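The file model20.cif comes next; it holds mmCIF, C-alpha atoms.
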data_my_file
loop_
_atom_site.label_atom_id
_atom_site.label_comp_id
_atom_site.auth_asym_id
_atom_site.auth_seq_id
_atom_site.Cartn_x
_atom_site.Cartn_y
_atom_site.Cartn_z
CA MET A 1 -7.60 31.66 -2.09
CA THR A 2 -5.52 30.32 0.77
CA VAL A 3 -5.16 26.57 0.31
CA GLY A 4 -1.70 25.14 0.86
CA TYR A 5 -1.22 24.26 -2.79
CA ALA A 6 -2.29 27.71 -4.05
CA SER A 7 1.07 28.63 -5.57
CA ASN A 8 1.31 25.30 -7.47
CA GLN A 9 -2.35 24.95 -8.39
CA ALA A 10 -1.74 24.96 -12.15
CA GLU A 11 0.92 22.27 -11.81
CA TYR A 12 -1.46 19.99 -9.90
CA VAL A 13 -4.21 20.49 -12.48
CA THR A 14 -1.71 19.55 -15.20
CA ARG A 15 -0.66 16.41 -13.36
CA LEU A 16 -4.30 15.42 -12.82
CA ARG A 17 -5.04 16.04 -16.50
CA ARG A 18 -2.19 13.70 -17.39
CA ILE A 19 -3.66 11.09 -15.02
CA GLU A 20 -7.08 11.56 -16.67
CA GLY A 21 -5.39 10.81 -20.01
CA GLN A 22 -3.80 7.70 -18.54
CA VAL A 23 -7.20 6.48 -17.31
CA ARG A 24 -8.64 7.05 -20.80
CA GLY A 25 -5.68 5.05 -22.11
CA LEU A 26 -6.68 2.24 -19.74
CA GLN A 27 -10.22 2.27 -21.19
CA ARG A 28 -8.82 1.94 -24.70
CA MET A 29 -6.57 -0.92 -23.62
CA VAL A 30 -9.58 -2.78 -22.17
CA GLU A 31 -11.77 -2.00 -25.22
CA GLU A 32 -9.07 -3.33 -27.53
CA GLY A 33 -8.71 -6.47 -25.42
CA LYS A 34 -5.09 -5.79 -24.48
CA TYR A 35 -3.28 -8.42 -22.43
CA CYS A 36 -4.34 -8.34 -18.73
CA ILE A 37 -0.80 -8.04 -17.40
CA ASP A 38 -0.15 -4.97 -19.58
CA VAL A 39 -3.34 -3.36 -18.26
CA LEU A 40 -2.24 -4.16 -14.68
CA THR A 41 1.21 -2.64 -15.27
CA GLN A 42 -0.46 0.53 -16.51
CA ILE A 43 -2.84 0.60 -13.52
CA ALA A 44 0.18 0.42 -11.19
CA ALA A 45 1.67 3.43 -13.03
CA VAL A 46 -1.55 5.46 -12.69
CA SER A 47 -1.75 4.55 -8.98
CA LYS A 48 1.80 5.76 -8.46
CA ALA A 49 1.08 9.03 -10.29
CA LEU A 50 -2.02 9.61 -8.11
CA GLN A 51 -0.03 8.86 -4.99
CA GLY A 52 2.60 11.37 -6.11
CA VAL A 53 -0.10 14.06 -6.33
CA ALA A 54 -1.35 13.08 -2.87
CA VAL A 55 2.12 13.30 -1.31
CA GLY A 56 2.68 16.69 -2.97
CA LEU A 57 -0.63 18.11 -1.70
CA LEU A 58 0.00 16.72 1.76
CA ASP A 59 3.45 18.31 1.85
CA GLU A 60 1.99 21.71 0.92
CA HIS A 61 -0.80 21.25 3.44
CA LEU A 62 1.67 20.54 6.25
CA HIS A 63 3.96 23.42 5.19
CA HIS A 64 1.16 25.96 4.98
CA CYS A 65 -2.26 25.22 6.52
CA VAL A 66 -0.99 23.05 9.38
CA ALA A 67 2.12 25.18 10.06
CA SER A 68 0.14 28.43 10.27
CA ALA A 69 -2.47 26.86 12.57
CA VAL A 70 0.34 25.57 14.79
CA LYS A 71 2.06 28.99 14.83
CA ALA A 72 -1.24 30.69 15.76
CA GLY A 73 -1.23 28.48 18.88
CA GLY A 74 -4.31 27.14 20.63
CA PRO A 75 -6.22 23.91 20.00
CA GLU A 76 -6.58 24.59 16.24
CA GLY A 77 -2.97 23.53 15.57
CA ASP A 78 -3.48 20.18 17.27
CA ALA A 79 -6.78 19.67 15.45
CA LYS A 80 -5.09 20.28 12.07
CA VAL A 81 -2.32 17.78 12.85
CA THR A 82 -4.82 15.12 13.88
CA GLU A 83 -6.81 15.75 10.70
CA ALA A 84 -3.64 15.38 8.60
CA THR A 85 -2.72 12.11 10.32
CA LYS A 86 -6.17 10.71 9.56
CA ALA A 87 -5.74 11.67 5.89
CA ILE A 88 -2.36 9.89 5.83
CA GLU A 89 -4.01 6.81 7.34
CA ARG A 90 -6.65 6.80 4.58
CA LEU A 91 -3.90 7.05 1.94
CA LEU A 92 -1.99 4.16 3.52
CA ARG A 93 -5.14 2.01 3.39
CA SER A 94 -6.07 2.89 -0.18
CA MET B 1 -10.65 -12.03 -28.45
CA THR B 2 -9.37 -14.27 -25.67
CA VAL B 3 -8.26 -12.10 -22.76
CA GLY B 4 -9.34 -13.23 -19.31
CA TYR B 5 -11.69 -10.29 -18.82
CA ALA B 6 -13.41 -10.75 -22.22
CA SER B 7 -16.83 -11.57 -20.81
CA ASN B 8 -16.81 -8.54 -18.49
CA GLN B 9 -15.08 -6.09 -20.81
CA ALA B 10 -17.97 -3.63 -20.89
CA GLU B 11 -18.18 -3.61 -17.11
CA TYR B 12 -14.47 -2.75 -16.79
CA VAL B 13 -14.78 0.07 -19.34
CA THR B 14 -17.70 1.46 -17.32
CA ARG B 15 -15.71 1.32 -14.09
CA LEU B 16 -12.75 3.05 -15.75
CA ARG B 17 -15.07 5.70 -17.18
CA ARG B 18 -16.35 6.37 -13.67
CA ILE B 19 -12.74 6.66 -12.45
CA GLU B 20 -12.01 9.10 -15.31
CA GLY B 21 -14.95 11.18 -14.06
CA GLN B 22 -13.55 11.07 -10.53
CA VAL B 23 -10.16 12.31 -11.79
CA ARG B 24 -11.90 15.17 -13.61
CA GLY B 25 -13.68 15.90 -10.34
CA LEU B 26 -10.26 16.11 -8.65
CA GLN B 27 -9.13 18.68 -11.25
CA ARG B 28 -12.20 20.79 -10.52
CA MET B 29 -11.56 20.58 -6.78
CA VAL B 30 -7.98 21.80 -7.27
CA GLU B 31 -9.07 24.54 -9.71
CA GLU B 32 -11.66 25.76 -7.22
CA GLY B 33 -9.09 25.72 -4.43
CA LYS B 34 -10.92 23.11 -2.36
CA TYR B 35 -9.48 22.24 1.04
CA CYS B 36 -6.37 19.96 0.76
CA ILE B 37 -7.75 17.29 3.08
CA ASP B 38 -10.94 16.97 1.00
CA VAL B 39 -8.84 16.54 -2.14
CA LEU B 40 -6.74 13.88 -0.37
CA THR B 41 -9.85 12.00 0.77
CA GLN B 42 -11.08 11.96 -2.80
CA ILE B 43 -7.67 10.77 -4.09
CA ALA B 44 -7.82 7.86 -1.62
CA ALA B 45 -11.26 6.96 -3.04
CA VAL B 46 -9.98 7.02 -6.65
CA SER B 47 -6.97 4.89 -5.64
CA LYS B 48 -9.28 2.33 -4.06
CA ALA B 49 -11.49 2.24 -7.16
CA LEU B 50 -8.42 1.70 -9.39
CA GLN B 51 -7.18 -1.05 -7.10
CA GLY B 52 -10.61 -2.70 -7.30
CA VAL B 53 -10.31 -2.80 -11.10
CA ALA B 54 -6.81 -4.25 -10.79
CA VAL B 55 -7.93 -7.01 -8.41
CA GLY B 56 -10.85 -7.84 -10.71
CA LEU B 57 -8.64 -8.08 -13.81
CA LEU B 58 -6.07 -10.14 -11.93
CA ASP B 59 -8.77 -12.54 -10.76
CA GLU B 60 -10.02 -13.04 -14.32
CA HIS B 61 -6.45 -13.42 -15.56
CA LEU B 62 -5.73 -16.18 -13.02
CA HIS B 63 -9.06 -17.92 -13.70
CA HIS B 64 -8.63 -17.90 -17.48
CA CYS B 65 -5.22 -17.14 -19.03
CA VAL B 66 -3.13 -18.63 -16.23
CA ALA B 67 -5.45 -21.59 -15.60
CA SER B 68 -5.54 -22.61 -19.27
CA ALA B 69 -1.75 -22.34 -19.59
CA VAL B 70 -1.39 -24.49 -16.48
CA LYS B 71 -3.87 -27.08 -17.80
CA ALA B 72 -2.02 -27.22 -21.14
CA GLY B 73 1.04 -28.36 -19.16
CA GLY B 74 4.65 -27.57 -20.01
CA PRO B 75 6.78 -24.55 -19.04
CA GLU B 76 4.15 -22.02 -20.24
CA GLY B 77 2.01 -22.53 -17.13
CA ASP B 78 4.92 -21.78 -14.82
CA ALA B 79 5.88 -18.75 -16.89
CA LYS B 80 2.34 -17.35 -16.64
CA VAL B 81 2.29 -17.79 -12.86
CA THR B 82 5.65 -16.03 -12.47
CA GLU B 83 4.42 -13.20 -14.67
CA ALA B 84 1.27 -12.84 -12.55
CA THR B 85 3.31 -12.75 -9.33
CA LYS B 86 5.46 -9.97 -10.73
CA ALA B 87 2.32 -7.97 -11.61
CA ILE B 88 1.03 -8.46 -8.04
CA GLU B 89 4.37 -7.21 -6.71
CA ARG B 90 4.09 -4.05 -8.84
CA LEU B 91 0.57 -3.45 -7.51
CA LEU B 92 1.75 -3.90 -3.91
CA ARG B 93 4.46 -1.29 -4.48
CA SER B 94 2.22 1.24 -6.21
CA MET C 1 3.95 -32.20 3.94
CA THR C 2 2.51 -30.73 0.76
CA VAL C 3 2.32 -26.96 1.14
CA GLY C 4 3.53 -24.90 -1.80
CA TYR C 5 6.54 -23.55 0.07
CA ALA C 6 7.65 -26.99 1.30
CA SER C 7 10.94 -27.03 -0.58
CA ASN C 8 11.92 -23.56 0.69
CA GLN C 9 10.52 -23.86 4.20
CA ALA C 10 13.87 -23.35 5.93
CA GLU C 11 14.56 -20.23 3.88
CA TYR C 12 11.21 -18.69 4.90
CA VAL C 13 11.83 -19.48 8.57
CA THR C 14 15.23 -17.76 8.27
CA ARG C 15 13.69 -14.69 6.68
CA LEU C 16 11.01 -14.51 9.37
CA ARG C 17 13.68 -14.90 12.07
CA ARG C 18 15.51 -11.92 10.57
CA ILE C 19 12.24 -9.94 10.62
CA GLU C 20 11.75 -10.93 14.27
CA GLY C 21 15.22 -9.52 14.97
CA GLN C 22 14.28 -6.29 13.15
CA VAL C 23 11.14 -5.96 15.30
CA ARG C 24 13.25 -6.44 18.44
CA GLY C 25 15.54 -3.74 17.05
CA LEU C 26 12.50 -1.46 16.76
CA GLN C 27 11.68 -2.07 20.44
CA ARG C 28 15.23 -1.10 21.42
CA MET C 29 15.01 2.05 19.29
CA VAL C 30 11.78 3.07 21.04
CA GLU C 31 13.14 2.17 24.51
CA GLU C 32 16.25 4.28 23.86
CA GLY C 33 14.11 7.17 22.63
CA LYS C 34 15.54 7.15 19.11
CA TYR C 35 14.37 9.89 16.74
CA CYS C 36 10.83 9.22 15.40
CA ILE C 37 11.83 9.50 11.76
CA ASP C 38 14.57 6.88 12.20
CA VAL C 39 12.05 4.52 13.80
CA LEU C 40 9.63 5.13 10.90
CA THR C 41 12.35 4.43 8.31
CA GLN C 42 13.08 1.14 10.05
CA ILE C 43 9.36 0.26 10.20
CA ALA C 44 9.14 0.82 6.43
CA ALA C 45 12.08 -1.60 5.99
CA VAL C 46 10.40 -4.27 8.15
CA SER C 47 7.13 -3.83 6.23
CA LYS C 48 8.96 -4.33 2.94
CA ALA C 49 10.69 -7.46 4.24
CA LEU C 50 7.34 -8.90 5.40
CA GLN C 51 5.79 -8.09 2.03
CA GLY C 52 8.69 -9.88 0.32
CA VAL C 53 7.90 -13.02 2.33
CA ALA C 54 4.21 -12.69 1.41
CA VAL C 55 4.97 -12.36 -2.32
CA GLY C 56 7.31 -15.36 -2.15
CA LEU C 57 4.74 -17.55 -0.39
CA LEU C 58 2.03 -16.44 -2.78
CA ASP C 59 4.22 -17.29 -5.76
CA GLU C 60 4.86 -20.80 -4.42
CA HIS C 61 1.17 -21.20 -3.61
CA LEU C 62 0.16 -20.31 -7.18
CA HIS C 63 2.90 -22.52 -8.69
CA HIS C 64 2.02 -25.56 -6.58
CA CYS C 65 -1.31 -25.68 -4.68
CA VAL C 66 -3.32 -23.61 -7.16
CA ALA C 67 -1.69 -25.12 -10.27
CA SER C 68 -2.29 -28.71 -9.14
CA ALA C 69 -5.94 -27.97 -8.25
CA VAL C 70 -6.39 -26.39 -11.68
CA LYS C 71 -4.76 -29.36 -13.43
CA ALA C 72 -6.99 -31.79 -11.51
CA GLY C 73 -9.96 -30.01 -13.12
CA GLY C 74 -13.37 -29.48 -11.56
CA PRO C 75 -14.60 -26.66 -9.31
CA GLU C 76 -11.65 -26.99 -6.88
CA GLY C 77 -9.30 -25.16 -9.28
CA ASP C 78 -11.64 -22.17 -9.52
CA ALA C 79 -12.14 -22.15 -5.76
CA LYS C 80 -8.37 -22.07 -5.18
CA VAL C 81 -7.93 -19.14 -7.59
CA THR C 82 -10.72 -17.16 -5.91
CA GLU C 83 -9.17 -17.85 -2.51
CA ALA C 84 -5.77 -16.63 -3.76
CA THR C 85 -7.31 -13.43 -5.17
CA LYS C 86 -8.93 -12.71 -1.82
CA ALA C 87 -5.55 -13.15 -0.09
CA ILE C 88 -3.96 -10.73 -2.59
CA GLU C 89 -6.72 -8.23 -1.83
CA ARG C 90 -6.01 -8.47 1.91
CA LEU C 91 -2.31 -7.86 1.25
CA LEU C 92 -3.09 -4.83 -0.92
CA ARG C 93 -5.17 -3.37 1.92
CA SER C 94 -2.65 -4.06 4.66
CA MET D 1 14.32 12.48 26.53
CA THR D 2 12.33 14.64 24.17
CA VAL D 3 11.10 12.46 21.31
CA GLY D 4 7.49 12.96 20.25
CA TYR D 5 6.36 9.58 21.53
CA ALA D 6 8.04 10.02 24.95
CA SER D 7 4.81 9.99 26.96
CA ASN D 8 3.59 6.80 25.25
CA GLN D 9 6.93 5.02 24.98
CA ALA D 10 5.88 2.04 27.09
CA GLU D 11 2.73 1.58 25.03
CA TYR D 12 4.75 1.46 21.78
CA VAL D 13 7.20 -1.05 23.24
CA THR D 14 4.22 -3.23 24.24
CA ARG D 15 2.73 -3.03 20.76
CA LEU D 16 6.07 -3.92 19.18
CA ARG D 17 6.48 -6.83 21.59
CA ARG D 18 3.07 -8.11 20.49
CA ILE D 19 4.19 -7.78 16.86
CA GLU D 20 7.38 -9.69 17.69
CA GLY D 21 5.17 -12.46 19.09
CA GLN D 22 3.10 -12.45 15.90
CA VAL D 23 6.27 -12.81 13.79
CA ARG D 24 7.34 -15.76 15.96
CA GLY D 25 3.85 -17.19 15.37
CA LEU D 26 4.48 -16.86 11.62
CA GLN D 27 7.71 -18.85 11.98
CA ARG D 28 5.84 -21.62 13.79
CA MET D 29 3.16 -21.65 11.10
CA VAL D 30 5.82 -22.08 8.38
CA GLU D 31 7.74 -24.71 10.40
CA GLU D 32 4.53 -26.70 10.88
CA GLY D 33 3.71 -26.42 7.19
CA LYS D 34 0.49 -24.47 7.72
CA TYR D 35 -1.59 -23.68 4.65
CA CYS D 36 -0.09 -20.80 2.57
CA ILE D 37 -3.27 -18.74 2.57
CA ASP D 38 -3.47 -18.86 6.38
CA VAL D 39 0.14 -17.68 6.61
CA LEU D 40 -0.64 -14.84 4.16
CA THR D 41 -3.69 -13.78 6.18
CA GLN D 42 -1.53 -13.61 9.27
CA ILE D 43 1.18 -11.62 7.42
CA ALA D 44 -1.49 -9.08 6.39
CA ALA D 45 -2.47 -8.77 10.07
CA VAL D 46 1.15 -8.19 11.17
CA SER D 47 1.59 -5.59 8.39
CA LYS D 48 -1.49 -3.75 9.58
CA ALA D 49 -0.27 -3.79 13.19
CA LEU D 50 3.13 -2.39 12.12
CA GLN D 51 1.42 0.30 10.06
CA GLY D 52 -0.68 1.21 13.09
CA VAL D 53 2.51 1.77 15.11
CA ALA D 54 3.94 3.88 12.26
CA VAL D 55 0.83 6.08 12.06
CA GLY D 56 0.86 6.52 15.83
CA LEU D 57 4.53 7.53 15.92
CA LEU D 58 4.06 9.87 12.97
CA ASP D 59 1.11 11.52 14.69
CA GLU D 60 3.16 12.13 17.84
CA HIS D 61 6.08 13.37 15.75
CA LEU D 62 3.87 15.93 13.98
CA HIS D 63 2.18 17.00 17.23
CA HIS D 64 5.45 17.47 19.12
CA CYS D 65 8.78 17.60 17.21
CA VAL D 66 7.41 19.18 14.04
CA ALA D 67 4.99 21.52 15.84
CA SER D 68 7.67 22.88 18.18
CA ALA D 69 10.13 23.43 15.31
CA VAL D 70 7.38 25.26 13.41
CA LYS D 71 6.52 27.41 16.46
CA ALA D 72 10.21 28.28 16.96
CA GLY D 73 10.10 29.80 13.46
CA GLY D 74 12.98 29.87 10.99
CA PRO D 75 14.01 27.27 8.40
CA GLU D 76 14.04 24.41 10.93
CA GLY D 77 10.23 24.14 10.87
CA ASP D 78 10.16 23.75 7.10
CA ALA D 79 12.98 21.22 7.22
CA LYS D 80 11.09 19.11 9.77
CA VAL D 81 7.94 19.14 7.62
CA THR D 82 9.87 18.07 4.52
CA GLU D 83 11.54 15.29 6.50
CA ALA D 84 8.13 14.08 7.73
CA THR D 85 6.71 14.08 4.20
CA LYS D 86 9.61 11.94 3.00
CA ALA D 87 8.96 9.47 5.82
CA ILE D 88 5.29 9.31 4.81
CA GLU D 89 6.34 8.62 1.23
CA ARG D 90 8.54 5.72 2.36
CA LEU D 91 5.62 4.27 4.34
CA LEU D 92 3.31 4.59 1.31
CA ARG D 93 5.83 2.64 -0.78
CA SER D 94 6.47 -0.09 1.75
#
Show how you would write the structure in this file as structure tokens.
Amino acid sequence: MTVGYASNQAEYVTRLRRIEGQVRGLQRMVEEGKYCIDVLTQIAAVSKALQGVAVGLLDEHLHHCVASAVKAGGPEGDAKVTEATKAIERLLRS
Amino acid sequence: MTVGYASNQAEYVTRLRRIEGQVRGLQRMVEEGKYCIDVLTQIAAVSKALQGVAVGLLDEHLHHCVASAVKAGGPEGDAKVTEATKAIERLLRS
Amino acid sequence: MTVGYASNQAEYVTRLRRIEGQVRGLQRMVEEGKYCIDVLTQIAAVSKALQGVAVGLLDEHLHHCVASAVKAGGPEGDAKVTEATKAIERLLRS
Amino acid sequence: MTVGYASNQAEYVTRLRRIEGQVRGLQRMVEEGKYCIDVLTQIAAVSKALQGVAVGLLDEHLHHCVASAVKAGGPEGDAKVTEATKAIERLLRS
């Protein structure tokens, strides 16, 4: 197991489980006919939580996977950086 | 039951259930040590799906709750518009 | 002159002029070879300022153009709301 | 001159000059009382152009400044990665 987030894997699963609970909470709000604006406020909170997980994973990825490819030298380092930039671009557009 | 999304309530619950499934999929990816970039790509997809739900709810809210407050006249219409703008601002920052 | 922002037109022009100055500041930073991270921090500030203008204009648009179309009744009100939602969607994706 | 974007400096200045022109175009639109939605569409375009510059600069920063600090070894590499992640976070929130 060598992914960048390996040492914090359990923490990320916990955060994603909390987000799953928030999404279930959103379903209940909609089923109970809660006020639209309250549902939207909660969606913004879930979005922020998801984005926090993304930034955390990206940070670990840069610190570990990308850094070790860069240290190894050769074209692999550049390829990893380009791949990371494209992932950042997708996050910025989502 | 008079929320703006009343007539499409079931559809929104279904979409949120699908998003819940996607978040569970993210947990599995992290548990199985899937490659960071693949997890990030999937997070961007979940974010987009959540944002789609938010835009849908907002549209219904403007078409129904806000529009009927505006038609009724008085300060309530203005208050509803200001409240909607603040919700949009929160979404833009999330 | 009947656009929603009519009564605050001068204020919006002033804000956009300030943003223009910030963009010129960005050019100077790049010409002088300023540190990438400092340029990025400044770009984030300009983005936020632009978004502030967008939220302000949208708020005025909903309060005036959309509200008066809704009050007038008929399909025009619905069309204006749908158009506003699509603009919000474009802002969320930008 | 050793910033990451050094070899594409002129290109970035040109892109920022084009963005400056777009912001001036926004001022004209507001001065002439152009329709709110058209102004918003144009703001979304300027935002996207700015974000494109940010992603480009970030990519160069990771490929050059961050990569060479990482190759040099020591705590500096880690510090540069953390600094880049924080910049990405600011962009995601703007």
* Determine which residues of chain C sit within 8 Å of chain D, taking into account all atoms listed in the file, and present them as JSON, numbers by chain. => {"C": [1, 2, 3, 4, 5, 6, 9, 10, 12, 13, 16, 17, 19, 20, 23, 24, 26, 27, 30, 31, 33, 34, 35, 36, 37, 40, 41, 43, 44, 45, 47, 48, 50, 51, 54, 57, 58, 61, 83, 84, 87, 90, 91, 94]}
* Asked: Near Asp59 in chain B, counting only C-alpha atoms, which residues have an atom at most 8 Å away, once you skip same-chain residues fewer than 3 positions from it, shown as JSON, numbers by chain?
  -> {"B": [55, 56, 62, 63], "C": [81, 82, 85]}
Written file, previous selection with C-alpha atoms, as an mmCIF file, in the frame of the given file:
data_model
loop_
_atom_site.group_PDB
_atom_site.id
_atom_site.type_symbol
_atom_site.label_atom_id
_atom_site.label_comp_id
_atom_site.auth_asym_id
_atom_site.auth_seq_id
_atom_site.Cartn_x
_atom_site.Cartn_y
_atom_site.Cartn_z
ATOM 1 C CA VAL B 55 -7.930 -7.010 -8.410
ATOM 2 C CA GLY B 56 -10.850 -7.840 -10.710
ATOM 3 C CA LEU B 62 -5.730 -16.180 -13.020
ATOM 4 C CA HIS B 63 -9.060 -17.920 -13.700
ATOM 5 C CA VAL C 81 -7.930 -19.140 -7.590
ATOM 6 C CA THR C 82 -10.720 -17.160 -5.910
ATOM 7 C CA THR C 85 -7.310 -13.430 -5.170
#
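For the atom pair formed by CA of His64 in chain B and CA of Asp78 in chain C, the distance is 9.5 Å, given to one decimal.
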* Structure fact -> Separating CA of Ala67 in chain A from CA of Ala67 in chain D, to the nearest tenth of an Å, is a gap of 7.4 Å
Show me, as AutoDock Vina command-line options, the centre and edge lengths in Å to one decimal of the axis-aligned box that covers every listed atom of range 37-48 of chain A with 3 Å on each side.
--center_x -0.8 --center_y -1.1 --center_z -14.0 --size_x 11.1 --size_y 19.8 --size_z 17.1
Missing atoms in range 15-31 of chain D: fill them in up to N, CA, C and O atoms and send the result as a tab-separated table (two decimals), in the coordinates of the input.
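Saved result, part_29.tsv, follows:
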chain	number	residue	atom	x	y	z
D	15	ARG	N	3.28	-2.69	22.08
D	15	ARG	CA	2.73	-3.03	20.76
D	15	ARG	C	3.77	-3.75	19.91
D	15	ARG	O	3.45	-4.71	19.20
D	16	LEU	N	5.01	-3.28	19.97
D	16	LEU	CA	6.07	-3.92	19.18
D	16	LEU	C	6.39	-5.32	19.71
D	16	LEU	O	6.74	-6.22	18.94
D	17	ARG	N	6.24	-5.50	21.03
D	17	ARG	CA	6.48	-6.83	21.59
D	17	ARG	C	5.40	-7.79	21.10
D	17	ARG	O	5.67	-8.95	20.77
D	18	ARG	N	4.16	-7.28	21.02
D	18	ARG	CA	3.07	-8.11	20.49
D	18	ARG	C	3.35	-8.47	19.02
D	18	ARG	O	3.15	-9.60	18.61
D	19	ILE	N	3.86	-7.52	18.27
D	19	ILE	CA	4.19	-7.78	16.86
D	19	ILE	C	5.32	-8.81	16.76
D	19	ILE	O	5.28	-9.71	15.93
D	20	GLU	N	6.30	-8.70	17.64
D	20	GLU	CA	7.38	-9.69	17.69
D	20	GLU	C	6.78	-11.09	17.91
D	20	GLU	O	7.16	-12.05	17.24
D	21	GLY	N	5.82	-11.18	18.82
D	21	GLY	CA	5.17	-12.46	19.09
D	21	GLY	C	4.43	-12.97	17.85
D	21	GLY	O	4.45	-14.16	17.55
D	22	GLN	N	3.81	-12.04	17.13
D	22	GLN	CA	3.10	-12.45	15.90
D	22	GLN	C	4.08	-12.98	14.86
D	22	GLN	O	3.77	-13.92	14.13
D	23	VAL	N	5.27	-12.35	14.77
D	23	VAL	CA	6.27	-12.81	13.79
D	23	VAL	C	6.78	-14.20	14.19
D	23	VAL	O	6.99	-15.07	13.34
D	24	ARG	N	6.95	-14.41	15.51
D	24	ARG	CA	7.34	-15.76	15.96
D	24	ARG	C	6.24	-16.76	15.62
D	24	ARG	O	6.51	-17.89	15.22
D	25	GLY	N	4.98	-16.33	15.75
D	25	GLY	CA	3.85	-17.19	15.37
D	25	GLY	C	3.92	-17.55	13.89
D	25	GLY	O	3.63	-18.68	13.50
D	26	LEU	N	4.32	-16.59	13.06
D	26	LEU	CA	4.48	-16.86	11.62
D	26	LEU	C	5.54	-17.93	11.38
D	26	LEU	O	5.36	-18.82	10.54
D	27	GLN	N	6.66	-17.83	12.13
D	27	GLN	CA	7.71	-18.85	11.98
D	27	GLN	C	7.17	-20.24	12.30
D	27	GLN	O	7.42	-21.20	11.57
D	28	ARG	N	6.43	-20.31	13.40
D	28	ARG	CA	5.84	-21.62	13.79
D	28	ARG	C	4.91	-22.14	12.70
D	28	ARG	O	4.95	-23.31	12.35
D	29	MET	N	4.09	-21.23	12.15
D	29	MET	CA	3.16	-21.65	11.10
D	29	MET	C	3.93	-22.25	9.91
D	29	MET	O	3.54	-23.29	9.37
D	30	VAL	N	5.03	-21.59	9.52
D	30	VAL	CA	5.82	-22.08	8.38
D	30	VAL	C	6.51	-23.39	8.75
D	30	VAL	O	6.53	-24.34	7.95
D	31	GLU	N	7.07	-23.47	9.98
D	31	GLU	CA	7.74	-24.71	10.40
D	31	GLU	C	6.77	-25.89	10.41
D	31	GLU	O	7.14	-27.01	10.09
